[in-house]
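Peer 1: Here you go, this is work-v7.cif (mmCIF, C-alpha atoms).
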data_structure
#
loop_
_atom_site.group_PDB
_atom_site.id
_atom_site.type_symbol
_atom_site.label_atom_id
_atom_site.label_comp_id
_atom_site.auth_asym_id
_atom_site.auth_seq_id
_atom_site.Cartn_x
_atom_site.Cartn_y
_atom_site.Cartn_z
ATOM 1 C CA MET A 15 0.000 0.000 0.000
ATOM 2 C CA ARG A 16 1.270 3.457 -0.921
ATOM 3 C CA CYS A 17 1.242 6.354 1.544
ATOM 4 C CA SER A 18 -1.387 8.173 -0.521
ATOM 5 C CA GLU A 19 -3.686 5.139 -0.258
ATOM 6 C CA ALA A 20 -3.038 4.908 3.475
ATOM 7 C CA ARG A 21 -4.189 8.517 3.956
ATOM 8 C CA GLU A 22 -7.385 7.822 1.995
ATOM 9 C CA PHE A 23 -8.182 4.637 3.916
ATOM 10 C CA THR A 24 -7.415 6.352 7.234
ATOM 11 C CA GLN A 25 -10.042 9.004 6.513
ATOM 12 C CA ARG A 26 -12.574 6.393 5.376
ATOM 13 C CA LEU A 27 -11.928 4.420 8.575
ATOM 14 C CA LEU A 28 -12.527 7.526 10.717
ATOM 15 C CA ASP A 29 -15.761 8.114 8.805
ATOM 16 C CA GLY A 30 -16.981 4.725 10.081
ATOM 17 C CA GLU A 31 -16.545 2.716 6.870
ATOM 18 C CA ASP A 32 -15.830 -1.008 7.072
ATOM 19 C CA LEU A 33 -12.619 -1.441 5.066
ATOM 20 C CA GLY A 34 -12.538 -5.239 5.040
ATOM 21 C CA GLN A 35 -9.233 -6.543 3.648
ATOM 22 C CA ASP A 36 -8.121 -2.976 2.965
ATOM 23 C CA GLY A 37 -8.226 -2.445 6.718
ATOM 24 C CA VAL A 38 -5.734 -5.304 7.153
ATOM 25 C CA ARG A 39 -3.480 -3.796 4.471
ATOM 26 C CA LEU A 40 -3.730 -0.414 6.200
ATOM 27 C CA GLY A 41 -2.687 -1.949 9.521
ATOM 28 C CA VAL A 42 0.361 -3.564 7.912
ATOM 29 C CA HIS A 43 1.350 -0.280 6.257
ATOM 30 C CA LEU A 44 0.985 1.697 9.498
ATOM 31 C CA ALA A 45 3.184 -0.820 11.299
ATOM 32 C CA ARG A 46 5.929 -0.290 8.703
ATOM 33 C CA CYS A 47 5.605 3.470 8.014
ATOM 34 C CA PRO A 48 6.251 5.763 11.014
ATOM 35 C CA ARG A 49 5.148 8.857 9.088
ATOM 36 C CA CYS A 50 1.746 7.460 8.157
ATOM 37 C CA ALA A 51 1.344 6.013 11.652
ATOM 38 C CA ALA A 52 1.950 9.486 13.128
ATOM 39 C CA GLU A 53 -0.549 11.073 10.719
ATOM 40 C CA HIS A 54 -3.079 8.327 11.499
ATOM 41 C CA GLY A 55 -2.709 8.970 15.238
ATOM 42 C CA ALA A 56 -3.013 12.743 14.831
ATOM 43 C CA LEU A 57 -6.165 12.442 12.671
ATOM 44 C CA LYS A 58 -7.699 9.968 15.106
ATOM 45 C CA GLU A 59 -6.977 12.318 18.024
ATOM 46 C CA LEU A 60 -8.419 15.298 16.138
ATOM 47 C CA ASP A 61 -11.541 13.338 15.171
ATOM 48 C CA ALA A 62 -12.126 12.336 18.808
ATOM 49 C CA LEU A 63 -11.517 15.904 19.951
ATOM 50 C CA LEU A 64 -14.059 17.334 17.517
ATOM 51 C CA ARG A 65 -16.658 14.722 18.451
ATOM 52 C CA ARG A 66 -16.231 15.607 22.144
ATOM 53 C CA SER A 67 -16.212 19.366 21.577
ATOM 54 C CA LEU A 68 -18.991 20.091 19.083
ATOM 55 C CA HIS A 69 -22.636 19.711 19.946
ATOM 56 C CA ALA A 70 -25.693 21.111 18.232
ATOM 57 C CA GLN A 71 -27.720 24.084 19.438
ATOM 58 C CA PRO A 72 -31.186 25.020 18.100
ATOM 59 C CA ALA A 73 -31.140 27.829 15.547
ATOM 60 C CA PRO A 74 -33.693 30.651 15.565
ATOM 61 C CA VAL A 75 -36.351 30.890 12.823
ATOM 62 C CA PRO A 76 -36.037 31.355 9.853
ATOM 63 C CA LEU A 77 -32.443 30.083 9.685
ATOM 64 C CA PRO A 78 -33.300 26.345 9.633
ATOM 65 C CA GLY A 79 -35.389 26.784 6.462
ATOM 66 C CA LEU A 80 -32.631 28.762 4.782
ATOM 67 C CA ALA A 81 -30.049 26.186 5.799
ATOM 68 C CA LEU A 82 -32.090 23.240 4.514
ATOM 69 C CA ASP A 83 -32.549 25.013 1.205
ATOM 70 C CA LEU A 84 -28.775 25.525 0.963
ATOM 71 C CA VAL A 85 -28.155 21.878 1.832
ATOM 72 C CA GLY A 86 -30.570 20.727 -0.881
ATOM 73 C CA ARG A 87 -29.024 22.931 -3.541
ATOM 74 C CA ALA A 88 -25.467 22.023 -2.575
ATOM 75 C CA ALA A 89 -26.199 18.311 -2.324
ATOM 76 C CA GLY A 90 -27.638 18.391 -5.839
ATOM 77 C CA MET A 91 -24.430 19.961 -7.128
ATOM 78 C CA LEU A 92 -22.000 17.598 -5.411
ATOM 79 C CA PRO A 93 -22.422 14.400 -7.520
ATOM 80 C CA GLN A 94 -22.050 16.279 -10.791
ATOM 81 C CA ALA A 95 -19.191 18.409 -9.485
ATOM 82 C CA VAL A 96 -17.258 15.488 -8.063
ATOM 83 C CA GLY A 97 -17.834 13.428 -11.205
ATOM 84 C CA LEU A 98 -16.450 16.192 -13.344
ATOM 85 C CA GLY A 99 -13.552 16.557 -10.957
ATOM 86 C CA TRP A 100 -12.337 13.072 -11.689
ATOM 87 C CA ARG A 101 -12.053 13.931 -15.392
ATOM 88 C CA GLY A 102 -10.077 17.142 -15.116
ATOM 89 C CA ARG A 103 -8.303 19.334 -12.607
ATOM 90 C CA ARG A 104 -9.963 22.522 -13.864
ATOM 91 C CA THR A 105 -13.373 21.369 -12.637
ATOM 92 C CA TRP A 106 -12.280 20.701 -9.043
ATOM 93 C CA PRO A 107 -13.112 24.291 -7.958
ATOM 94 C CA LEU A 108 -16.767 23.488 -8.681
ATOM 95 C CA ALA A 109 -16.611 20.499 -6.366
ATOM 96 C CA LEU A 110 -14.947 22.578 -3.678
ATOM 97 C CA CYS A 111 -17.575 25.321 -3.992
ATOM 98 C CA ALA A 112 -20.370 22.775 -3.640
ATOM 99 C CA ALA A 113 -18.728 21.284 -0.580
ATOM 100 C CA GLY A 114 -18.314 24.792 0.786
ATOM 101 C CA LEU A 115 -22.052 25.404 0.479
ATOM 102 C CA VAL A 116 -22.773 22.247 2.443
ATOM 103 C CA ALA A 117 -20.342 23.395 5.134
ATOM 104 C CA LEU A 118 -21.933 26.858 5.193
ATOM 105 C CA ALA A 119 -25.371 25.332 5.610
ATOM 106 C CA ALA A 120 -24.115 23.192 8.470
ATOM 107 C CA VAL A 121 -22.778 26.287 10.201
ATOM 108 C CA VAL A 122 -26.185 27.944 9.855
ATOM 109 C CA VAL A 123 -27.999 24.898 11.231
ATOM 110 C CA VAL A 124 -25.548 24.482 14.109
ATOM 111 C CA PRO A 125 -24.677 27.940 15.439
ATOM 112 C CA ARG A 126 -21.369 28.480 17.189
ATOM 113 C CA VAL A 127 -21.265 27.333 20.810
ATOM 114 C CA GLY A 128 -21.392 30.312 23.108
ATOM 115 C CA ARG A 129 -24.334 31.982 21.332
ATOM 116 C CA PRO A 130 -26.085 34.344 23.790
ATOM 117 C CA GLY A 131 -29.302 32.976 25.242
ATOM 118 C CA ALA A 132 -28.572 29.239 25.082
ATOM 119 C CA ASP A 133 -25.127 28.121 26.190
ATOM 120 C CA ARG A 134 -24.739 30.858 28.779
ATOM 121 C CA ARG A 135 -27.846 29.713 30.677
ATOM 122 C CA GLU A 136 -26.436 26.207 30.954
ATOM 123 C CA ARG A 137 -22.902 27.363 31.747
ATOM 124 C CA PRO A 138 -22.969 30.428 34.036
ATOM 125 C CA ALA A 139 -19.979 32.734 33.813
ATOM 126 C CA PRO A 140 -17.454 32.235 36.621
ATOM 127 C CA SER A 141 -17.403 34.820 39.363
ATOM 128 C CA SER A 142 -14.591 37.358 39.327
ATOM 129 C CA ALA A 143 -13.256 35.770 42.525
ATOM 130 C CA ARG A 144 -12.610 32.466 40.688
ATOM 131 C CA ALA A 145 -11.405 33.908 37.386
ATOM 132 C CA VAL A 146 -7.646 33.565 36.881
ATOM 133 C CA ALA A 147 -7.465 34.695 33.224
ATOM 134 C CA GLN A 148 -9.528 36.351 30.514
ATOM 135 C CA VAL A 149 -9.623 35.721 26.772
ATOM 136 C CA SER A 150 -8.451 38.925 25.083
ATOM 137 C CA ALA A 151 -7.808 37.742 21.479
ATOM 138 C CA GLY A 152 -8.516 34.707 19.297
ATOM 139 C CA TRP A 153 -11.516 33.495 21.313
ATOM 140 C CA ASP A 154 -12.961 31.689 18.263
ATOM 141 C CA SER A 155 -9.833 29.518 18.256
ATOM 142 C CA LEU A 156 -9.941 28.495 21.920
ATOM 143 C CA HIS A 157 -11.809 25.497 23.327
ATOM 144 C CA VAL A 158 -12.344 25.354 27.081
ATOM 145 C CA PHE A 159 -13.155 22.624 29.580
ATOM 146 C CA GLU A 160 -14.301 24.297 32.784
ATOM 147 C CA PRO A 161 -13.963 22.488 36.151
ATOM 148 C CA ASN A 162 -16.409 19.646 36.747
ATOM 149 C CA THR A 163 -17.724 19.681 33.176
ATOM 150 C CA SER A 164 -17.590 16.924 30.564
ATOM 151 C CA ILE A 165 -18.411 19.100 27.524
ATOM 152 C CA SER A 166 -16.144 21.793 26.167
ATOM 153 C CA HIS A 167 -17.211 25.092 24.622
ATOM 154 C CA ILE A 168 -15.667 27.659 22.304
ATOM 155 C CA ALA A 169 -14.551 30.720 24.248
ATOM 156 C CA THR A 170 -16.270 34.055 23.731
ATOM 157 C CA ALA A 171 -14.804 37.567 23.688
ATOM 158 C CA ALA A 172 -13.498 38.700 27.078
ATOM 159 C CA GLU A 173 -14.648 35.442 28.691
ATOM 160 C CA PRO A 174 -13.259 34.962 32.220
ATOM 161 C CA LEU A 175 -11.613 31.572 32.730
ATOM 162 C CA PRO A 176 -11.705 29.968 36.178
ATOM 163 C CA SER A 177 -8.945 28.102 37.964
ATOM 164 C CA ASP A 178 -8.616 24.375 37.191
ATOM 165 C CA SER A 179 -10.004 24.781 33.670
ATOM 166 C CA MET A 180 -8.245 23.389 30.577
ATOM 167 C CA ALA A 181 -7.916 25.168 27.242
ATOM 168 C CA TRP A 182 -6.487 24.345 23.821
ATOM 169 C CA ALA A 183 -6.037 26.331 20.613
ATOM 170 C CA THR A 184 -7.333 25.121 17.248
ATOM 171 C CA GLY A 185 -4.976 27.004 14.941
ATOM 172 C CA LEU A 186 -7.370 29.455 13.299
ATOM 173 C CA GLU A 187 -5.734 32.581 14.751
ATOM 174 C CA PRO A 188 -3.415 33.527 17.643
ATOM 175 C CA VAL A 189 -4.873 33.202 21.128
ATOM 176 C CA VAL A 190 -4.008 35.667 23.881
ATOM 177 C CA LEU A 191 -5.027 35.387 27.533
ATOM 178 C CA SER A 192 -4.827 38.239 30.013
ATOM 179 C CA ILE A 193 -3.651 36.991 33.404
ATOM 180 C CA ALA A 194 -5.411 38.227 36.506
ATOM 181 C CA THR A 195 -3.371 40.929 38.323
ATOM 182 C CA THR A 196 -1.199 41.738 35.228
ATOM 183 C CA GLY A 197 0.380 39.750 32.398
ATOM 184 C CA ARG A 198 -0.423 38.222 28.991
ATOM 185 C CA LEU A 199 -0.040 34.715 27.601
ATOM 186 C CA ARG A 200 0.248 34.153 23.846
ATOM 187 C CA LEU A 201 -0.472 30.543 22.856
ATOM 188 C CA SER A 202 0.711 28.614 19.803
ATOM 189 C CA ALA A 203 -1.826 27.196 17.363
ATOM 190 C CA ASP A 204 -1.557 23.741 18.950
ATOM 191 C CA ALA A 205 -1.119 24.735 22.604
ATOM 192 C CA VAL A 206 -2.862 22.811 25.383
ATOM 193 C CA ILE A 207 -2.748 24.276 28.902
ATOM 194 C CA SER A 208 -4.301 23.876 32.330
ATOM 195 C CA LEU A 209 -5.020 27.068 34.268
ATOM 196 C CA GLY A 210 -4.379 27.668 37.934
ATOM 197 C CA ALA A 211 -4.047 30.637 40.250
ATOM 198 C CA ASP A 212 -0.859 32.468 39.180
ATOM 199 C CA GLU A 213 0.270 29.448 37.142
ATOM 200 C CA ILE A 214 -0.369 27.276 34.101
ATOM 201 C CA THR A 215 0.661 23.766 33.099
ATOM 202 C CA LEU A 216 1.877 23.479 29.503
ATOM 203 C CA HIS A 217 0.923 20.099 28.027
ATOM 204 C CA LYS A 218 1.646 20.828 24.356
ATOM 205 C CA GLY A 219 2.887 23.598 22.042
ATOM 206 C CA TRP A 220 4.429 26.826 23.280
ATOM 207 C CA VAL A 221 3.472 29.818 25.380
ATOM 208 C CA ARG A 222 5.027 33.289 25.397
ATOM 209 C CA ALA A 223 4.482 34.960 28.761
ATOM 210 C CA ASP A 224 4.726 38.749 29.028
ATOM 211 C CA LEU A 225 4.806 39.467 32.768
ATOM 212 C CA SER A 226 5.788 43.135 32.426
ATOM 213 C CA GLY A 227 4.880 45.148 35.510
ATOM 214 C CA ARG A 228 3.802 42.085 37.473
ATOM 215 C CA LYS A 229 4.562 42.012 41.216
ATOM 216 C CA ARG A 230 3.534 38.440 42.034
ATOM 217 C CA PRO A 231 5.495 35.419 40.715
ATOM 218 C CA PHE A 232 3.944 33.468 37.837
ATOM 219 C CA THR A 233 4.753 29.784 37.283
ATOM 220 C CA ILE A 234 4.770 27.676 34.099
ATOM 221 C CA ARG A 235 4.816 23.941 34.878
ATOM 222 C CA THR A 236 5.973 21.283 32.411
ATOM 223 C CA HIS A 237 6.813 17.588 32.592
ATOM 224 C CA ALA A 238 10.527 18.424 32.671
ATOM 225 C CA ALA A 239 10.772 21.490 34.913
ATOM 226 C CA VAL A 240 9.007 24.319 36.714
ATOM 227 C CA ILE A 241 9.720 27.861 35.521
ATOM 228 C CA THR A 242 8.880 30.820 37.780
ATOM 229 C CA SER A 243 9.310 34.509 37.007
ATOM 230 C CA THR A 244 8.223 38.036 37.925
ATOM 231 C CA ASP A 245 8.224 41.057 35.594
ATOM 232 C CA ALA A 246 9.886 39.166 32.706
ATOM 233 C CA VAL A 247 9.217 38.133 29.109
ATOM 234 C CA LEU A 248 9.940 34.488 28.316
ATOM 235 C CA ARG A 249 8.940 31.624 26.031
ATOM 236 C CA VAL A 250 8.454 27.997 27.045
ATOM 237 C CA GLU A 251 8.007 25.344 24.354
ATOM 238 C CA LYS A 252 7.492 21.597 24.169
ATOM 239 C CA PRO A 253 8.581 20.791 20.578
ATOM 240 C CA THR A 254 6.342 18.376 18.681
ATOM 241 C CA GLY A 255 7.676 14.837 18.875
ATOM 242 C CA ALA A 256 10.389 15.726 21.415
ATOM 243 C CA ALA A 257 10.568 15.010 25.129
ATOM 244 C CA ARG A 258 12.530 18.145 25.983
ATOM 245 C CA VAL A 259 11.255 21.574 26.971
ATOM 246 C CA ASP A 260 12.959 24.747 25.691
ATOM 247 C CA VAL A 261 13.030 27.930 27.768
ATOM 248 C CA VAL A 262 14.104 31.297 26.330
ATOM 249 C CA VAL A 263 14.212 34.528 28.379
ATOM 250 C CA ASP A 264 13.887 37.730 26.348
ATOM 251 C CA ARG A 265 13.755 40.181 29.242
ATOM 252 C CA GLY A 266 14.160 39.974 33.008
ATOM 253 C CA ALA A 267 15.023 36.681 34.700
ATOM 254 C CA ALA A 268 13.431 33.290 35.364
ATOM 255 C CA GLN A 269 14.055 30.605 37.969
ATOM 256 C CA VAL A 270 14.178 27.071 36.519
ATOM 257 C CA ARG A 271 13.771 24.063 38.802
ATOM 258 C CA THR A 272 14.071 20.392 37.897
ATOM 259 C CA SER A 273 14.017 17.332 40.164
ATOM 260 C CA GLU A 274 17.799 17.598 40.391
ATOM 261 C CA LYS A 275 18.810 21.263 40.492
ATOM 262 C CA GLU A 276 17.849 24.914 40.182
ATOM 263 C CA MET A 277 19.244 27.595 37.926
ATOM 264 C CA GLN A 278 18.483 31.175 36.936
ATOM 265 C CA LEU A 279 18.193 32.364 33.347
ATOM 266 C CA ARG A 280 18.692 36.030 32.534
ATOM 267 C CA ALA A 281 17.780 38.062 29.447
ATOM 268 C CA GLY A 282 19.257 36.522 26.290
ATOM 269 C CA GLN A 283 19.833 33.101 27.881
ATOM 270 C CA SER A 284 18.091 29.833 27.017
ATOM 271 C CA VAL A 285 18.177 26.179 28.016
ATOM 272 C CA ALA A 286 16.791 22.809 26.883
ATOM 273 C CA LEU A 287 15.386 20.673 29.678
ATOM 274 C CA GLU A 288 15.037 16.923 29.368
ATOM 275 C CA PRO A 289 12.999 14.789 31.786
ATOM 276 C CA ALA A 290 14.687 12.055 33.733
ATOM 277 C CA ALA A 291 14.809 8.692 31.965
ATOM 278 C CA PRO A 292 13.069 5.878 33.894
ATOM 279 C CA GLY A 293 15.502 4.385 36.407
ATOM 280 C CA ARG A 294 18.408 6.590 35.339
ATOM 281 C CA GLY A 295 17.880 9.730 37.425
ATOM 282 C CA PRO A 296 17.298 13.286 36.188
ATOM 283 C CA ALA A 297 18.795 14.306 32.837
ATOM 284 C CA PRO A 298 21.227 17.237 32.950
ATOM 285 C CA LEU A 299 20.382 20.720 31.754
ATOM 286 C CA ARG A 300 21.960 21.750 28.483
ATOM 287 C CA ALA A 301 22.186 25.074 26.705
ATOM 288 C CA LEU A 302 20.274 25.584 23.460
#
Mind converting the file's structure to structure tokens?

Peer 2:
Amino acid sequence: MRCSEAREFTQRLLDGEDLGQDGVRLGVHLARCPRCAAEHGALKELDALLRRSLHAQPAPVPLPGLALDLVGRAAGMLPQAVGLGWRGRRTWPLALCAAGLVALAAVVVVPRVGRPGADRRERPAPSSARAVAQVSAGWDSLHVFEPNTSISHIATAAEPLPSDSMAWATGLEPVVLSIATTGRLRLSADAVISLGADEITLHKGWVRADLSGRKRPFTIRTHAAVITSTDAVLRVEKPTGAARVDVVVDRGAAQVRTSEKEMQLRAGQSVALEPAAPGRGPAPLRAL
């Protein structure tokens, strides 16, 4: 099986199709091709994430009628458009436009989570006493699991985020959080974080913390080290596919603590932190 076939069968498998013998061939290919296996895992994770995160909300009249009309028109175009697409590259834009109409209709039928009047009644806004951060940019790209909830929602403009909530970016635009009592966090397109009082835990991606003017220490926790700083600008990143964590200080200073030692990074300094290997003790710090 070629890699191109593996990608096609992976998508068909995620769509719920029974692949039969092709499923066996796909399994053999994934066992032999690390690249396709990684893509398969990422698509499977994304599919599960979307299924957990998106749930329908009723749309106000007359949007359902408009949406159904769009779906009917677009669905009628798709077979012809796709059929033409197989016979020539120039006709693929028609297929894409038809698919786009179906997607547009779906958006109309299922309004964005966080629409005033529905989601807010079920999920009351946290009190200012519990809020540890606020979404200041890129709210459409941020999904949030609040404490003691099993369903996530898409953040809204200026939404306060309580302690012990989890958030992840979806890559549509940059996400910026304002920290309570001064500071800003800029998240990468794939960042996943847990929020606490005066701290976050970085599970994936990178975060750039601007703590300018802050009086209280702010902590960024990772699997390899704990980074604490006051009135500094720094970046902490967990590179994709790597176990290490990179820390770069642009301004001010940061205290870095691992299970073995502590060190201080000043402006212009950086370090790569590697977690301890099982049974071998903590790995040493090394400069980037």

Peer 1: What does the structure give for the distance between CA of Gln269 (chain A) and CA of Arg235 (chain A), in Å to one decimal?

Peer 2: 11.8 Å

Peer 1: Need the shell around Arg144 (chain A): protein/DNA/RNA residues with any atom at most 10 Å away, counting only C-alpha atoms. Skip same-chain ones fewer than 3 positions apart. Format as a list in words?

Peer 2: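 Close residues of Arg144 (chain A): Pro140, Ser141, Ala147, Pro174, Leu175, Pro176, Ser177, Asp178, Gly210 and Ala211 of chain A.
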
Peer 1: Could you state the separation of CA of Leu279 (chain A) and CA of Val149 (chain A) in Å, given to one decimal place?

Peer 2: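 About the pair CA of Leu279 (chain A) and CA of Val149 (chain A): they are 28.8 Å apart.
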
Peer 1: Got a sec: who's within 8 Å of Gln283 (chain A), counting only C-alpha atoms, leaving out chain neighbours fewer than 6 positions off, as a ChimeraX atom specification?

Peer 2: /A:262-264

Peer 1: Might you pull out every residue within 8 Å of Val250 (chain A), with all atoms listed in the file counted and same-chain residues fewer than 5 positions away left off, and present them as a list in words?

Peer 2: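 Listing them by chain and then by number gives Trp220, Val221, Arg222, Ile234, Val259, Asp260, Val261 and Val262 of chain A.
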
Peer 1: Between A:Trp153, A:Glu213, A:Ala172, A:Arg200, which residue has the minimum interatomic distance to Thr184 (chain A), considering only C-alpha atoms?

Peer 2: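 Ranking A:Trp153, A:Glu213, A:Ala172, A:Arg200 by distance to Thr184 (chain A), first place goes to A:Trp153.
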
Peer 1: Exactly which residues make up the result of the PyMOL selection byres ((chain A and resi 223) around 6) on this file, given as a ChimeraX atom specification?

Peer 2: /A:198-199,222,224,247-248

Peer 1: Would you mind telling me which residue in A:Met180, A:Ala281, A:Leu201, A:Val270 lies nearest to Glu251 (chain A) when using only C-alpha atoms?

Peer 2: A:Leu201

Peer 1: Going by the chain IDs and residue numbers used in this file, which residues fall under the PyMOL selection byres ((chain A and resi 245) around 8)? Write them as a CSV table (one decimal) with C-alpha atoms, keeping the file's coordinate frame.

Peer 2:
chain,number,residue,atom,x,y,z
A,224,ASP,CA,4.7,38.7,29.0
A,225,LEU,CA,4.8,39.5,32.8
A,226,SER,CA,5.8,43.1,32.4
A,227,GLY,CA,4.9,45.1,35.5
A,228,ARG,CA,3.8,42.1,37.5
A,229,LYS,CA,4.6,42.0,41.2
A,243,SER,CA,9.3,34.5,37.0
A,244,THR,CA,8.2,38.0,37.9
A,246,ALA,CA,9.9,39.2,32.7
A,247,VAL,CA,9.2,38.1,29.1
A,266,GLY,CA,14.2,40.0,33.0

Peer 1: For a test of reading the model, state the distance in Å between CA of Leu287 (chain A) and CA of Arg249 (chain A), rounded to one decimal.

Peer 2: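 So the two atoms, CA of Leu287 (chain A) and CA of Arg249 (chain A), lie 13.2 Å apart.
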
Peer 1: Give me, as a list of chain:residue names, all polymer residues having an atom no more than 7 Å from Thr236 (chain A), counting only C-alpha atoms and skipping those fewer than 5 positions away in the same chain.

Peer 2: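 Neighbouring residues, sequence-local ones excluded: A:Thr215, A:Leu216, A:His217.
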
Peer 1: Evaluate the PyMOL selection byres ((chain A and resi 162) around 12) here and jot the selected residues down as an mmCIF file with C-alpha atoms, keeping the file's coordinate frame.

Peer 2:
data_model
loop_
_atom_site.group_PDB
_atom_site.id
_atom_site.type_symbol
_atom_site.label_atom_id
_atom_site.label_comp_id
_atom_site.auth_asym_id
_atom_site.auth_seq_id
_atom_site.Cartn_x
_atom_site.Cartn_y
_atom_site.Cartn_z
ATOM 1 C CA ARG A 137 -22.902 27.363 31.747
ATOM 2 C CA VAL A 158 -12.344 25.354 27.081
ATOM 3 C CA PHE A 159 -13.155 22.624 29.580
ATOM 4 C CA GLU A 160 -14.301 24.297 32.784
ATOM 5 C CA PRO A 161 -13.963 22.488 36.151
ATOM 6 C CA THR A 163 -17.724 19.681 33.176
ATOM 7 C CA SER A 164 -17.590 16.924 30.564
ATOM 8 C CA ILE A 165 -18.411 19.100 27.524
ATOM 9 C CA SER A 166 -16.144 21.793 26.167
ATOM 10 C CA PRO A 176 -11.705 29.968 36.178
ATOM 11 C CA SER A 177 -8.945 28.102 37.964
ATOM 12 C CA ASP A 178 -8.616 24.375 37.191
ATOM 13 C CA SER A 179 -10.004 24.781 33.670
ATOM 14 C CA MET A 180 -8.245 23.389 30.577
#

Peer 1: Using only C-alpha atoms, find the one residue out of A:Ser202, A:Ser284, A:Thr242, A:Thr196 that sits nearest to Trp182 (chain A).

Peer 2: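 Looking at the shortest contact to Trp182 (chain A), the residue is A:Ser202.
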
Peer 1: Counting only C-alpha atoms, which of A:Ala51, A:His167, A:Lys252, A:Val38 gets nearest to Val206 (chain A)?

Peer 2: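 Using only C-alpha atoms, Val206 (chain A) sits closest to A:Lys252.
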
Peer 1: Around (-9.9, 35.4, 20.3) in the file's frame, which residues reach within 10 Å when counting all atoms listed in the file? Return as a list of chain:residue names?

Peer 2: A:Val149, A:Ser150, A:Ala151, A:Gly152, A:Trp153, A:Asp154, A:Ser155, A:Leu156, A:Ile168, A:Ala169, A:Thr170, A:Ala171, A:Ala172, A:Glu173, A:Ala183, A:Leu186, A:Glu187, A:Pro188, A:Val189, A:Val190, A:Leu191

Peer 1: Could you write out the selected residues, including C-alpha atoms, as an mmCIF file, keeping the file's coordinate frame?

Peer 2:
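Output saved as part-v3.cif:
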data_model
loop_
_atom_site.group_PDB
_atom_site.id
_atom_site.type_symbol
_atom_site.label_atom_id
_atom_site.label_comp_id
_atom_site.auth_asym_id
_atom_site.auth_seq_id
_atom_site.Cartn_x
_atom_site.Cartn_y
_atom_site.Cartn_z
ATOM 1 C CA VAL A 149 -9.623 35.721 26.772
ATOM 2 C CA SER A 150 -8.451 38.925 25.083
ATOM 3 C CA ALA A 151 -7.808 37.742 21.479
ATOM 4 C CA GLY A 152 -8.516 34.707 19.297
ATOM 5 C CA TRP A 153 -11.516 33.495 21.313
ATOM 6 C CA ASP A 154 -12.961 31.689 18.263
ATOM 7 C CA SER A 155 -9.833 29.518 18.256
ATOM 8 C CA LEU A 156 -9.941 28.495 21.920
ATOM 9 C CA ILE A 168 -15.667 27.659 22.304
ATOM 10 C CA ALA A 169 -14.551 30.720 24.248
ATOM 11 C CA THR A 170 -16.270 34.055 23.731
ATOM 12 C CA ALA A 171 -14.804 37.567 23.688
ATOM 13 C CA ALA A 172 -13.498 38.700 27.078
ATOM 14 C CA GLU A 173 -14.648 35.442 28.691
ATOM 15 C CA ALA A 183 -6.037 26.331 20.613
ATOM 16 C CA LEU A 186 -7.370 29.455 13.299
ATOM 17 C CA GLU A 187 -5.734 32.581 14.751
ATOM 18 C CA PRO A 188 -3.415 33.527 17.643
ATOM 19 C CA VAL A 189 -4.873 33.202 21.128
ATOM 20 C CA VAL A 190 -4.008 35.667 23.881
ATOM 21 C CA LEU A 191 -5.027 35.387 27.533
#
